[in-house]
>>> print(open('final-v1.cif').read())   # mmCIF, C-alpha atoms
data_protein
loop_
_atom_site.label_atom_id
_atom_site.label_comp_id
_atom_site.auth_asym_id
_atom_site.auth_seq_id
_atom_site.Cartn_x
_atom_site.Cartn_y
_atom_site.Cartn_z
CA MET A 1 91.20 -123.60 -93.29
CA SER A 2 93.78 -121.41 -91.54
CA ILE A 3 94.58 -121.83 -87.84
CA SER A 4 93.14 -118.39 -87.05
CA LYS A 5 89.88 -119.32 -88.79
CA ILE A 6 89.70 -122.61 -86.91
CA ILE A 7 90.11 -120.79 -83.59
CA THR A 8 87.54 -118.17 -84.55
CA ALA A 9 85.05 -120.82 -85.65
CA SER A 10 85.50 -122.70 -82.39
CA LEU A 11 84.93 -119.57 -80.35
CA VAL A 12 81.81 -118.70 -82.34
CA ALA A 13 80.50 -122.23 -81.83
CA PHE A 14 80.82 -121.72 -78.09
CA SER A 15 78.72 -118.56 -78.19
CA PHE A 16 75.56 -120.40 -77.17
CA LEU A 17 77.21 -121.02 -73.82
CA PHE A 18 78.21 -117.40 -73.35
CA SER A 19 75.04 -115.33 -73.05
CA ALA A 20 76.87 -112.00 -73.29
CA ALA A 21 74.97 -109.13 -74.85
CA HIS A 22 78.05 -107.04 -75.60
CA ALA A 23 81.84 -106.99 -75.30
CA GLU A 24 83.48 -109.61 -73.12
CA ILE A 25 86.92 -110.90 -72.25
CA LEU A 26 86.96 -114.63 -71.61
CA ALA A 27 89.54 -116.23 -69.33
CA MET A 28 90.24 -119.88 -68.66
CA MET A 29 91.31 -121.01 -65.18
CA LEU A 30 92.15 -124.24 -63.43
CA TYR A 31 90.55 -124.40 -60.00
CA GLU A 32 90.73 -126.59 -56.92
CA SER A 33 89.17 -126.60 -53.46
CA LYS A 34 90.90 -124.46 -50.89
CA SER A 35 92.81 -126.33 -48.20
CA PRO A 36 91.32 -126.37 -44.68
CA ASP A 37 94.13 -124.10 -43.45
CA SER A 38 93.51 -121.60 -46.25
CA LEU A 39 89.77 -121.62 -45.55
CA LYS A 40 90.44 -121.02 -41.88
CA SER A 41 92.83 -118.13 -42.55
CA LEU A 42 90.22 -116.46 -44.80
CA LYS A 43 87.37 -117.26 -42.37
CA LEU A 44 85.52 -119.29 -44.99
CA SER A 45 83.64 -122.54 -44.36
CA GLY A 46 84.43 -125.74 -46.22
CA THR A 47 82.40 -126.93 -49.19
CA GLY A 48 82.51 -130.72 -48.83
CA GLU A 49 84.30 -133.06 -51.23
CA ARG A 50 87.44 -131.73 -52.89
CA LYS A 51 86.81 -130.32 -56.37
CA GLU A 52 88.97 -129.64 -59.41
CA GLY A 53 88.16 -128.37 -62.86
CA ILE A 54 88.53 -125.86 -65.68
CA VAL A 55 86.28 -122.83 -65.93
CA ILE A 56 85.76 -120.12 -68.51
CA MET A 57 84.79 -116.80 -66.96
CA ASP A 58 83.98 -113.34 -68.27
CA VAL A 59 86.61 -111.06 -66.71
CA ASP A 60 85.71 -107.83 -68.51
CA PRO A 61 84.63 -105.30 -65.84
CA GLY A 62 82.54 -103.55 -68.50
CA SER A 63 80.47 -106.65 -69.26
CA GLN A 64 77.11 -107.53 -67.73
CA ASN A 65 78.50 -111.04 -67.16
CA PHE A 66 81.58 -109.81 -65.28
CA GLY A 67 82.79 -112.50 -62.90
CA LYS A 68 80.29 -115.11 -64.10
CA ILE A 69 81.33 -118.71 -64.82
CA LEU A 70 80.17 -119.48 -68.37
CA TRP A 71 81.59 -123.00 -68.75
CA ASP A 72 82.84 -125.61 -66.28
CA MET A 73 84.68 -128.87 -67.01
CA PRO A 74 85.18 -130.96 -63.84
CA LEU A 75 88.48 -132.84 -63.50
CA PRO A 76 89.32 -135.87 -61.32
CA ASN A 77 89.72 -134.48 -57.82
CA ASP A 78 93.09 -136.18 -57.28
CA THR A 79 94.86 -134.59 -60.27
CA VAL A 80 96.11 -131.47 -58.46
CA SER A 81 96.06 -129.69 -61.81
CA HIS A 82 98.53 -126.86 -61.78
CA HIS A 83 99.15 -124.80 -64.94
CA ILE A 84 97.85 -124.26 -68.48
CA PHE A 85 100.28 -123.39 -71.28
CA TYR A 86 99.28 -122.72 -74.88
CA ASP A 87 101.34 -123.86 -77.81
CA ARG A 88 102.31 -120.94 -80.06
CA THR A 89 99.29 -121.40 -82.33
CA MET A 90 96.98 -121.45 -79.28
CA THR A 91 95.19 -124.49 -80.70
CA LYS A 92 96.40 -126.63 -77.78
CA GLY A 93 96.54 -126.05 -74.06
CA TYR A 94 98.93 -128.17 -71.98
CA LEU A 95 97.81 -128.92 -68.41
CA THR A 96 100.39 -129.96 -65.81
CA SER A 97 99.68 -132.09 -62.74
CA LEU A 98 101.42 -132.07 -59.37
CA ALA A 99 100.02 -135.44 -58.30
CA LYS A 100 99.88 -137.63 -61.42
CA LYS A 101 102.53 -138.69 -63.92
CA GLU A 102 100.63 -137.27 -66.85
CA LEU A 103 100.26 -134.24 -69.07
CA GLY A 104 96.86 -133.03 -70.20
CA VAL A 105 96.32 -131.71 -73.73
CA LEU A 106 93.28 -129.52 -74.30
CA ASP A 107 92.09 -129.31 -77.91
CA MET A 108 91.10 -125.65 -78.31
CA THR A 109 89.57 -126.26 -81.77
CA ALA A 110 86.96 -128.82 -80.63
CA ASN A 111 83.40 -127.94 -79.68
CA PRO A 112 83.28 -128.24 -76.74
CA PHE A 113 86.97 -128.35 -75.83
CA ARG A 114 88.31 -131.89 -75.52
CA LEU A 115 90.92 -133.03 -72.99
CA LYS A 116 93.19 -136.04 -73.35
CA THR A 117 96.00 -137.15 -71.07
CA LEU A 118 99.49 -138.30 -71.99
CA ALA A 119 101.38 -140.70 -69.75
CA MET A 120 104.58 -139.21 -68.33
CA PRO A 121 106.22 -142.11 -66.44
CA ASP A 122 109.46 -140.15 -65.86
CA CYS A 123 107.74 -137.04 -64.52
CA THR A 124 106.82 -136.50 -60.89
CA MET A 125 105.24 -133.14 -60.07
CA GLY A 126 104.86 -131.56 -63.50
CA GLU A 127 105.38 -127.81 -63.34
CA ASP A 128 105.99 -125.70 -66.47
CA VAL A 129 105.57 -126.40 -70.17
CA VAL A 130 107.71 -124.19 -72.41
CA LEU A 131 107.64 -124.11 -76.23
CA ASN A 132 110.66 -123.41 -78.41
CA GLU A 133 110.51 -120.53 -80.86
CA ASP A 134 109.38 -122.47 -83.92
CA ASN A 135 106.74 -124.41 -81.96
CA SER A 136 108.28 -127.78 -82.80
CA ARG A 137 109.15 -128.94 -79.27
CA TRP A 138 107.70 -128.63 -75.79
CA TYR A 139 109.64 -129.01 -72.55
CA LEU A 140 107.94 -130.21 -69.35
CA THR A 141 109.79 -129.60 -66.08
CA CYS A 142 109.30 -132.22 -63.36
CA MET A 143 110.29 -130.80 -59.99
CA ALA A 144 110.21 -133.89 -57.79
CA SER A 145 111.92 -136.27 -60.24
CA GLY A 146 114.76 -134.04 -61.45
CA THR A 147 113.78 -134.45 -65.10
CA VAL A 148 112.81 -132.41 -68.14
CA ILE A 149 110.61 -134.22 -70.67
CA VAL A 150 111.06 -133.15 -74.30
CA GLY A 151 108.08 -133.67 -76.60
CA ASP A 152 107.08 -133.15 -80.23
CA VAL A 153 104.36 -130.47 -80.54
CA GLN A 154 102.78 -131.98 -83.66
CA THR A 155 102.47 -135.54 -82.34
CA ASP A 156 102.87 -134.95 -78.58
CA LYS A 157 105.19 -137.96 -78.45
CA ILE A 158 108.12 -137.92 -76.04
CA ILE A 159 111.45 -137.23 -77.78
CA ASP A 160 113.81 -137.40 -74.83
CA VAL A 161 114.09 -137.35 -71.05
CA ILE A 162 116.78 -135.01 -69.70
CA ARG A 163 117.90 -136.12 -66.25
CA ILE A 164 119.46 -133.51 -63.96
CA PRO A 165 120.54 -135.24 -60.72
CA GLY A 166 120.18 -133.22 -57.52
CA ILE A 167 118.17 -130.49 -59.23
CA TYR A 168 114.48 -129.63 -58.79
CA PRO A 169 113.40 -128.26 -62.19
CA HIS A 170 110.60 -125.71 -62.25
CA GLY A 171 111.24 -122.81 -64.65
CA LEU A 172 112.75 -123.33 -68.10
CA ALA A 173 113.80 -121.03 -70.93
CA VAL A 174 115.06 -122.00 -74.38
CA ASN A 175 116.98 -119.85 -76.85
CA SER A 176 117.66 -121.37 -80.25
CA LYS A 177 119.97 -118.54 -81.35
CA ILE A 178 122.60 -119.73 -78.89
CA ASN A 179 121.38 -123.36 -78.73
CA ARG A 180 120.80 -123.25 -74.97
CA ILE A 181 118.22 -124.38 -72.43
CA LEU A 182 118.27 -122.90 -68.92
CA VAL A 183 116.49 -124.64 -66.02
CA THR A 184 115.89 -123.42 -62.48
CA SER A 185 116.48 -125.53 -59.36
CA THR A 186 113.64 -124.61 -57.03
CA VAL A 187 112.60 -126.90 -54.16
CA LYS A 188 112.08 -130.57 -53.48
CA GLY A 189 108.49 -131.76 -53.82
CA ASP A 190 107.79 -131.09 -50.14
CA MET A 191 109.04 -127.48 -50.41
CA THR A 192 112.36 -128.33 -48.72
CA ASN A 193 115.96 -128.27 -50.04
CA PRO A 194 115.77 -124.96 -51.94
CA GLY A 195 118.25 -124.76 -54.80
CA GLU A 196 120.45 -121.88 -55.91
CA VAL A 197 121.56 -122.58 -59.48
CA ILE A 198 120.47 -122.37 -63.08
CA THR A 199 121.47 -125.43 -65.09
CA GLU A 200 122.70 -124.83 -68.64
CA ILE A 201 121.91 -127.48 -71.28
CA ASP A 202 122.80 -127.88 -74.96
CA ALA A 203 119.47 -127.52 -76.80
CA THR A 204 120.46 -130.00 -79.52
CA THR A 205 122.29 -132.79 -77.69
CA HIS A 206 120.67 -132.19 -74.27
CA GLU A 207 124.11 -132.44 -72.69
CA ILE A 208 124.40 -130.67 -69.33
CA LEU A 209 127.02 -127.93 -69.81
CA GLY A 210 127.25 -126.53 -66.30
CA SER A 211 125.42 -124.36 -63.77
CA HIS A 212 125.24 -120.75 -62.63
CA LYS A 213 124.75 -119.74 -59.02
CA VAL A 214 122.19 -116.95 -58.58
CA SER A 215 122.98 -115.87 -55.04
CA LEU A 216 125.41 -113.56 -53.27
CA LYS A 217 125.17 -115.69 -50.11
CA ALA A 218 127.34 -118.60 -49.05
CA SER A 219 126.11 -122.01 -50.15
CA PRO A 220 123.61 -123.43 -49.46
CA SER A 221 121.92 -120.07 -49.88
CA GLY A 222 118.31 -121.27 -50.04
CA GLU A 223 117.38 -118.85 -52.84
CA ALA A 224 115.03 -121.22 -54.73
CA PRO A 225 115.16 -119.73 -58.26
CA VAL A 226 111.69 -120.44 -59.60
CA GLU A 227 110.99 -118.79 -62.98
CA ILE A 228 113.27 -117.83 -65.86
CA LEU A 229 112.48 -116.02 -69.10
CA PHE A 230 114.58 -114.69 -71.97
CA VAL A 231 113.96 -111.11 -73.05
CA PRO A 232 111.99 -111.74 -76.26
CA LYS A 233 113.52 -109.06 -78.53
CA GLY A 234 116.75 -107.18 -79.10
CA ASP A 235 120.34 -107.96 -79.97
CA GLU A 236 121.45 -108.70 -76.41
CA ILE A 237 120.53 -112.14 -75.05
CA ILE A 238 119.40 -111.82 -71.44
CA ALA A 239 117.41 -114.16 -69.21
CA TYR A 240 115.63 -112.89 -66.09
CA VAL A 241 115.35 -115.11 -62.98
CA THR A 242 113.12 -114.73 -59.90
CA ASN A 243 114.38 -116.19 -56.61
CA MET A 244 111.30 -117.31 -54.71
CA PHE A 245 112.88 -117.58 -51.25
CA GLY A 246 115.75 -115.16 -51.80
CA ASN A 247 113.34 -112.37 -52.87
CA THR A 248 115.73 -111.20 -55.56
CA LEU A 249 115.79 -110.70 -59.32
CA TRP A 250 118.78 -111.83 -61.38
CA THR A 251 119.93 -111.71 -64.98
CA LEU A 252 121.99 -114.15 -67.00
CA THR A 253 123.57 -112.24 -69.89
CA TRP A 254 125.15 -114.09 -72.81
CA ASP A 255 128.69 -113.10 -73.73
CA SER A 256 128.89 -113.88 -77.45
CA GLY A 257 132.69 -113.67 -77.45
CA LYS A 258 133.27 -116.03 -74.53
CA LYS A 259 130.20 -118.15 -75.32
CA LYS A 260 129.09 -118.09 -71.70
CA PHE A 261 126.63 -116.42 -69.35
CA ARG A 262 127.36 -113.71 -66.82
CA SER A 263 125.07 -113.65 -63.76
CA GLU A 264 124.11 -110.51 -61.83
CA GLN A 265 121.61 -109.55 -59.13
CA VAL A 266 119.57 -106.58 -60.39
CA PHE A 267 116.83 -106.06 -57.78
CA ASP A 268 115.98 -106.92 -54.17
CA PHE A 269 112.22 -107.18 -53.53
CA SER A 270 112.71 -106.86 -49.77
CA THR A 271 113.43 -103.15 -50.38
CA VAL A 272 109.71 -102.72 -51.15
CA ASN A 273 108.53 -105.16 -48.45
CA ALA A 274 107.64 -107.83 -50.98
CA GLY A 275 108.30 -111.56 -50.79
CA VAL A 276 108.06 -114.66 -52.99
CA PRO A 277 108.59 -113.13 -56.45
CA LEU A 278 107.25 -115.46 -59.13
CA GLU A 279 106.19 -114.79 -62.72
CA ILE A 280 107.91 -112.54 -65.29
CA TYR A 281 106.21 -110.83 -68.25
CA PHE A 282 107.05 -108.22 -70.91
CA ASN A 283 104.86 -105.78 -72.82
CA GLN A 284 104.78 -105.82 -76.63
CA ASN A 285 107.49 -103.18 -76.99
CA VAL A 286 109.69 -104.95 -74.42
CA ASP A 287 110.30 -101.68 -72.62
CA THR A 288 108.23 -102.65 -69.57
CA MET A 289 108.48 -105.76 -67.40
CA TYR A 290 105.87 -107.03 -64.93
CA ILE A 291 106.71 -109.35 -62.02
CA SER A 292 104.25 -110.83 -59.53
CA SER A 293 105.08 -111.50 -55.89
CA ALA A 294 102.85 -113.64 -53.66
CA SER A 295 103.53 -112.23 -50.20
CA PRO A 296 101.59 -110.20 -49.33
CA GLY A 297 100.59 -109.71 -53.00
CA PHE A 298 101.99 -107.23 -55.52
CA VAL A 299 102.61 -106.62 -59.20
CA HIS A 300 105.89 -104.79 -59.79
CA ILE A 301 106.29 -102.67 -62.93
CA PHE A 302 109.83 -102.13 -64.21
CA ASP A 303 111.09 -99.70 -66.85
CA LEU A 304 113.53 -101.23 -69.37
CA LYS A 305 113.75 -98.30 -71.79
CA GLU A 306 117.30 -97.20 -70.96
CA ASP A 307 118.81 -100.67 -70.63
CA VAL A 308 116.88 -103.93 -71.01
CA GLY A 309 119.24 -105.59 -68.54
CA LYS A 310 119.05 -102.84 -65.89
CA PRO A 311 115.43 -102.71 -64.70
CA LYS A 312 114.18 -99.61 -62.88
CA LEU A 313 111.19 -100.05 -60.61
CA MET A 314 108.46 -97.61 -61.67
CA LYS A 315 105.58 -98.74 -59.50
CA THR A 316 104.44 -101.51 -57.18
CA VAL A 317 100.70 -102.20 -57.44
CA LYS A 318 99.03 -103.74 -54.38
CA THR A 319 97.09 -106.86 -55.23
CA ASP A 320 95.55 -109.64 -53.12
CA GLN A 321 97.55 -112.26 -51.26
CA GLY A 322 99.15 -114.97 -53.36
CA SER A 323 99.60 -112.99 -56.60
CA HIS A 324 100.93 -115.45 -59.15
CA HIS A 325 100.08 -115.62 -62.87
CA ILE A 326 98.97 -112.64 -64.94
CA ALA A 327 96.95 -112.81 -68.17
CA PHE A 328 97.34 -109.89 -70.60
CA THR A 329 95.05 -108.66 -73.35
CA ASN A 330 96.71 -108.42 -76.75
CA ASP A 331 95.94 -104.69 -76.97
CA GLY A 332 98.12 -104.08 -73.90
CA LYS A 333 95.34 -102.39 -71.94
CA MET A 334 94.48 -104.88 -69.20
CA GLY A 335 96.08 -107.49 -66.96
CA PHE A 336 94.31 -110.10 -64.82
CA VAL A 337 96.14 -111.32 -61.72
CA GLN A 338 95.42 -114.78 -60.32
CA ASN A 339 95.93 -114.76 -56.55
CA SER A 340 96.80 -118.19 -55.21
CA LEU A 341 100.03 -120.11 -54.66
CA LEU A 342 99.78 -123.83 -53.91
CA ASN A 343 96.88 -123.38 -51.49
CA LEU A 344 99.30 -121.93 -48.93
CA PRO A 345 97.75 -119.99 -46.02
CA GLY A 346 98.43 -116.28 -46.42
CA MET A 347 98.99 -116.72 -50.16
CA SER A 348 95.62 -118.05 -51.32
CA SER A 349 93.00 -115.31 -51.49
CA GLY A 350 91.47 -117.02 -54.53
CA THR A 351 90.57 -113.72 -56.20
CA ILE A 352 91.32 -112.20 -59.60
CA ASN A 353 92.49 -108.57 -59.66
CA VAL A 354 91.86 -106.57 -62.84
CA ILE A 355 94.64 -104.06 -63.55
CA ASP A 356 94.30 -101.13 -65.94
CA LEU A 357 97.80 -101.16 -67.43
CA LYS A 358 97.59 -97.52 -68.53
CA LYS A 359 96.52 -96.27 -65.10
CA GLU A 360 98.70 -98.93 -63.43
CA GLU A 361 96.10 -99.65 -60.78
CA VAL A 362 93.57 -102.31 -59.76
CA VAL A 363 90.15 -101.30 -61.11
CA ALA A 364 88.10 -104.37 -60.15
CA THR A 365 88.31 -107.66 -58.25
CA ILE A 366 86.58 -110.98 -58.95
CA THR A 367 85.72 -113.11 -55.90
CA THR A 368 83.58 -115.74 -57.65
CA LEU A 369 85.82 -118.76 -57.02
CA ALA A 370 86.93 -117.62 -53.57
CA ASP A 371 83.29 -117.27 -52.50
CA MET A 372 82.80 -120.92 -53.54
CA GLY A 373 85.75 -122.08 -51.41
CA LEU A 374 87.90 -122.56 -54.52
CA ASN A 375 91.30 -121.30 -55.65
CA PRO A 376 92.29 -120.52 -59.26
CA ASN A 377 95.67 -122.11 -59.95
CA VAL A 378 96.33 -120.29 -63.22
CA ILE A 379 94.68 -117.84 -65.60
CA VAL A 380 94.99 -117.49 -69.39
CA LEU A 381 92.75 -115.59 -71.77
CA LEU A 382 91.08 -117.43 -74.62
CA PRO A 383 93.06 -117.12 -77.87
CA GLU A 384 91.01 -114.24 -79.28
CA GLU A 385 92.31 -111.90 -76.54
CA ASN A 386 95.46 -113.59 -75.21
CA HIS A 387 98.92 -112.01 -75.36
CA PHE A 388 101.92 -114.26 -74.63
CA ALA A 389 103.75 -111.40 -72.86
CA GLY A 390 107.16 -112.77 -73.79
CA HIS A 391 106.44 -116.45 -73.06
#
>>> encode(input="final-v1.cif", output="structure tokens")
Amino acid sequence: MSISKIITASLVAFSFLFSAAHAEILAMMLYESKSPDSLKSLKLSGTGERKEGIVIMDVDPGSQNFGKILWDMPLPNDTVSHHIFYDRTMTKGYLTSLAKKELGVLDMTANPFRLKTLAMPDCTMGEDVVLNEDNSRWYLTCMASGTVIVGDVQTDKIIDVIRIPGIYPHGLAVNSKINRILVTSTVKGDMTNPGEVITEIDATTHEILGSHKVSLKASPSGEAPVEILFVPKGDEIIAYVTNMFGNTLWTLTWDSGKKKFRSEQVFDFSTVNAGVPLEIYFNQNVDTMYISSASPGFVHIFDLKEDVGKPKLMKTVKTDQGSHHIAFTNDGKMGFVQNSLLNLPGMSSGTINVIDLKKEEVVATITTLADMGLNPNVIVLLPEENHFAGH
């Protein structure tokens, strides 16, 4: 049976849980209890013992089940589960943990979904999982231990541990055409010691080749580059970088003649009164880029039509505080913004904003988890609807 048929069969098997009478868009989220400070800032009362888990929710504003939780898998309340990343077949979901030296693997073909955990003894504070282009390897960044764990997608066995002394890895991008891995240096585990460089690594040997400063300020600049993503199409090889504390957007452009990257600042988010830029996404035609910023909460829409390395801001859409991950439908019509960053006061509304990507405006807001005293830590659509958006 083909992978697509396996996914479809699994989704159909789940239909008894989802009592929808018509069209629906199902999203999966990790959730955790809001911190006392976040609850206080939002004037919400506490809800008792700390909770964590995975939910599936109908996020289609046209559905009668809009905003309803249709499935809930509790997790140990000391995991501090952080992100979910699909492999490229979307038959697995990788769950990172900020508190445990482990990586969760969610089997998306099982009925119901099954979760197993892999021991990651060399990983403290697991952040991002990135897949290479042919879906043969995954890379787990470990911010508090200065390591990147390399694993085999088929077996999920560890292949190598890349150690990067003095660096706090968070974002990672891999490009097999030029045999390079780029890793951001963000902050120490306690949010101190913000970095300012992108580390360049040989994708075959895992040798550290050097670093690239992404700041115009004197060192230490405190920029905290957080996410990095290669433009997914085109002849020119360009990686975009968001500086979480520096509030700037940078590019690293590959010079094929010199075999090296050229760094350049291409946007300053402070010019639109935005702070803490985070995630980067592209539409299917790669002529539009979307970037979230957590303070006070925006989604920025950039035009790349004239030059993919020279973004032009078209519109800034106001969202709720803590705007972080965005899930996109594969028809390019809708985006769903998860509004919470690390349970931080002022950046943890706990809502989901629904954006009509054609109108470029918020058309609905889901408060289900926030009303329960919970924060969503990530949002992805189930495979039937999900678009990778360049990731």
>>> closest_residue(input="final-v1.cif", among="A:Ser185, A:Ser211, A:Ser136, A:Ser295", to="A:Val272", atoms="only C-alpha atoms")
A:Ser295
>>> closest_residue(input="final-v1.cif", among="A:His206, A:His82, A:Lys260, A:Lys177", to="A:Ile164", atoms="all atoms listed in the file")
A:His206
>>> residues_around(input="final-v1.cif", residues="A:Ile159", least_positions_apart="3", cutoff="7 Å", atoms="all atoms listed in the file", output="ChimeraX atom specification")
/A:150-152
>>> closest_residue(input="final-v1.cif", among="A:Thr184, A:Ser215, A:Gln284, A:Asn77", to="A:Pro232", atoms="only C-alpha atoms")
A:Gln284
>>> atom_distance(input="final-v1.cif", atom1="atom CA of A:Ile178", atom2="atom CA of A:Lys259")
8.5 Å
>>> resolve_selection(input="final-v1.cif", expression="the PyMOL selection byres ((chain A and resi 75) around 10)", output="PyMOL selection string")
chain A and resi 30-32+51-54+72-74+76-81+115
>>> residues_around(input="final-v1.cif", residues="stretch 250-253 of chain A", least_positions_apart="2", cutoff="7 Å", atoms="all atoms listed in the file", output="VMD selection string")
chain A and resid 214 237 to 242 248 255 261 to 266
>>> residues_near_point(input="final-v1.cif", point="(100.1, -131.3, -66.2)", cutoff="8 Å", atoms="only C-alpha atoms", output="VMD selection string")
chain A and resid 81 to 84 94 to 98 100 102 to 104 126 to 127
>>> resolve_selection(input="final-v1.cif", expression="the PyMOL selection byres ((chain A and resi 369-371) around 10)", output="mmCIF file with C-alpha atoms, keeping the file's coordinate frame")
data_model
loop_
_atom_site.group_PDB
_atom_site.id
_atom_site.type_symbol
_atom_site.label_atom_id
_atom_site.label_comp_id
_atom_site.auth_asym_id
_atom_site.auth_seq_id
_atom_site.Cartn_x
_atom_site.Cartn_y
_atom_site.Cartn_z
ATOM 1 C CA TYR A 31 90.550 -124.400 -60.000
ATOM 2 C CA GLU A 32 90.730 -126.590 -56.920
ATOM 3 C CA SER A 33 89.170 -126.600 -53.460
ATOM 4 C CA LYS A 34 90.900 -124.460 -50.890
ATOM 5 C CA LEU A 39 89.770 -121.620 -45.550
ATOM 6 C CA LEU A 42 90.220 -116.460 -44.800
ATOM 7 C CA LEU A 44 85.520 -119.290 -44.990
ATOM 8 C CA SER A 45 83.640 -122.540 -44.360
ATOM 9 C CA VAL A 55 86.280 -122.830 -65.930
ATOM 10 C CA GLY A 67 82.790 -112.500 -62.900
ATOM 11 C CA LYS A 68 80.290 -115.110 -64.100
ATOM 12 C CA ILE A 69 81.330 -118.710 -64.820
ATOM 13 C CA ASN A 339 95.930 -114.760 -56.550
ATOM 14 C CA SER A 348 95.620 -118.050 -51.320
ATOM 15 C CA SER A 349 93.000 -115.310 -51.490
ATOM 16 C CA GLY A 350 91.470 -117.020 -54.530
ATOM 17 C CA THR A 351 90.570 -113.720 -56.200
ATOM 18 C CA ILE A 352 91.320 -112.200 -59.600
ATOM 19 C CA ILE A 366 86.580 -110.980 -58.950
ATOM 20 C CA THR A 367 85.720 -113.110 -55.900
ATOM 21 C CA THR A 368 83.580 -115.740 -57.650
ATOM 22 C CA MET A 372 82.800 -120.920 -53.540
ATOM 23 C CA GLY A 373 85.750 -122.080 -51.410
ATOM 24 C CA LEU A 374 87.900 -122.560 -54.520
ATOM 25 C CA ASN A 375 91.300 -121.300 -55.650
ATOM 26 C CA PRO A 376 92.290 -120.520 -59.260
#
>>> resolve_selection(input="final-v1.cif", expression="the PyMOL selection byres ((chain A and resi 172) around 9)", output="ChimeraX atom specification")
/A:128-130,139-141,169-171,173-174,181-184,227-229
>>> residues_around(input="final-v1.cif", residues="stretch 311-325 of chain A", least_positions_apart="5", cutoff="8 Å", atoms="all atoms listed in the file", output="number ranges by chain")
A: 266-267, 278-279, 292-304, 337-341, 346-349, 351, 353, 360-362, 378-379
>>> closest_residue(input="final-v1.cif", among="A:Gly332, A:Gly222, A:Gly62, A:Gly210", to="A:Val187", atoms="only C-alpha atoms")
A:Gly222
>>> axis_aligned_box(input="final-v1.cif", around="stretch 311-318 of chain A", padding_each_side="4 Å", output="JSON")
{"center_x": 107.2, "center_y": -100.7, "center_z": -59.5, "size_x": 24.4, "size_y": 14.1, "size_z": 18.3}
>>> closest_residue(input="final-v1.cif", among="A:Thr155, A:Asn386, A:Ser256, A:Ser221", to="A:Met28", atoms="all atoms listed in the file")
A:Asn386
>>> closest_residue(input="final-v1.cif", among="A:Leu26, A:Ala144, A:Met191, A:Met120", to="A:Phe328", atoms="only C-alpha atoms")
A:Leu26
>>> residues_around(input="final-v1.cif", residues="A:Met244", least_positions_apart="6", cutoff="9 Å", atoms="all atoms listed in the file", output="PyMOL selection string")
chain A and resi 186+223-227+275-278+293
>>> residues_around(input="final-v1.cif", residues="A:Leu357", least_positions_apart="6", cutoff="9 Å", atoms="all atoms listed in the file", output="MDAnalysis selection string")
chainID A and resid 332:335
>>> atom_distance(input="final-v1.cif", atom1="atom CA of A:Phe336", atom2="atom CA of A:Lys233")
23.6 Å
>>> atom_distance(input="final-v1.cif", atom1="atom CA of A:Asp190", atom2="atom CA of A:Asp202")
29.2 Å
